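In what follows, a single structure is set out as structure tokens and then discussed.
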Amino acid sequence: MKLTSKLTSMIGALVLAAPLALGAQHANAAAAPMTAPPGFEIPKDMTPYFLAIYVAGPKHLKESPEQMEIAKQHLKFIRRMIEQKKYMFAGPLTDNGDMLGVAVVAAASIDEARQITGGDPAIAAGHMTAQLHPAMLPSLASLVVKY
């Protein structure tokens with residue numbers, strides 16, 4: 001009888017303890033971060049930006065004194081935008097096509113990105129235009145551009 005009684009007590013303890021143990025496992029699983037399946041991992045700090053593609057505008061000039069002056073003003077603007085963290089980085093495209101350069105613009109909306117890029121003297125003068133595209137990129141907040 002004693003063996004049956006002990007066995008019954010053990011089974012009773014298991015029946016009572018199993019839901020508690022399973023609940024604890026479930027609670028720990030809920031607290032554990034979700035992980036993407038292999039091959040689908042993405043950076044944890046994805047941030048919205050706008051990609052500005054600078055293209056030749058209707059008044060685009062090739063090698064002239066006016067173009068050189070506009071280029072100086074454009075580069076001064078780019079540097080100021082980078083220093084103010086409105087452009088995370090920018091640079092020219094070197095294939096001599098109609099696409100002249102790119103910039104990653106930190107803006108809350110496409111309208112704000114238009115306002116920022118529209119302040120570029122080369123765009124204001126019609127020598128360039130900026131095509132804006134929303135993009136999700138890893139955070140560039142710690143990026144340092146040196147001059």
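Naming works like this for the structure tokens: A, B, ... for the chains as they're shown, residue 1 at the start of each chain, ligands 1 onward in shown order.
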Excluding segment 68-72 of chain A and residues on its chain fewer than 6 positions from it, collect all residues at most 9 Å away from it, counting only C-alpha atoms, and give them as a list in words.
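That gives Pro121, Ala122, Ala125 and His127 of chain A.
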Shell of 9 Å around Gly57 of chain A, only C-alpha atoms, local chain residues under 2 positions omitted, as a PyMOL selection string
chain A and resi 54-55+59-61+98+122-123+125-130
Atom CA of Ala90 of chain A and atom CA of Glu41 of chain A are how many Å apart?
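Computing the Euclidean distance for atom CA of Ala90 of chain A and atom CA of Glu41 of chain A yields 27.2 Å.
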Neighbour list for Val145 of chain A as an NGL selection string, cut-off 10 Å, only C-alpha atoms, skip fewer than 6 positions in-chain
:A and (79 or 82-83 or 88-90)
Can you tell me which residues surround Tyr87 of chain A at a distance of at most 10 Å, considering only C-alpha atoms, apart from same-chain residues fewer than 6 positions away, and format the answer as number ranges by chain?
A: 49-52, 78-81, 103-107, 113, 116-117
Nearest residue to Gln131 of chain A out of A:Lys44, A:Val102, A:Gly119, A:Leu143, using only C-alpha atoms?
A:Val102
Please report the interatomic distance between atom CA of Ile110 of chain A and atom CA of Leu132 of chain A in Å with one decimal.
7.5 Å
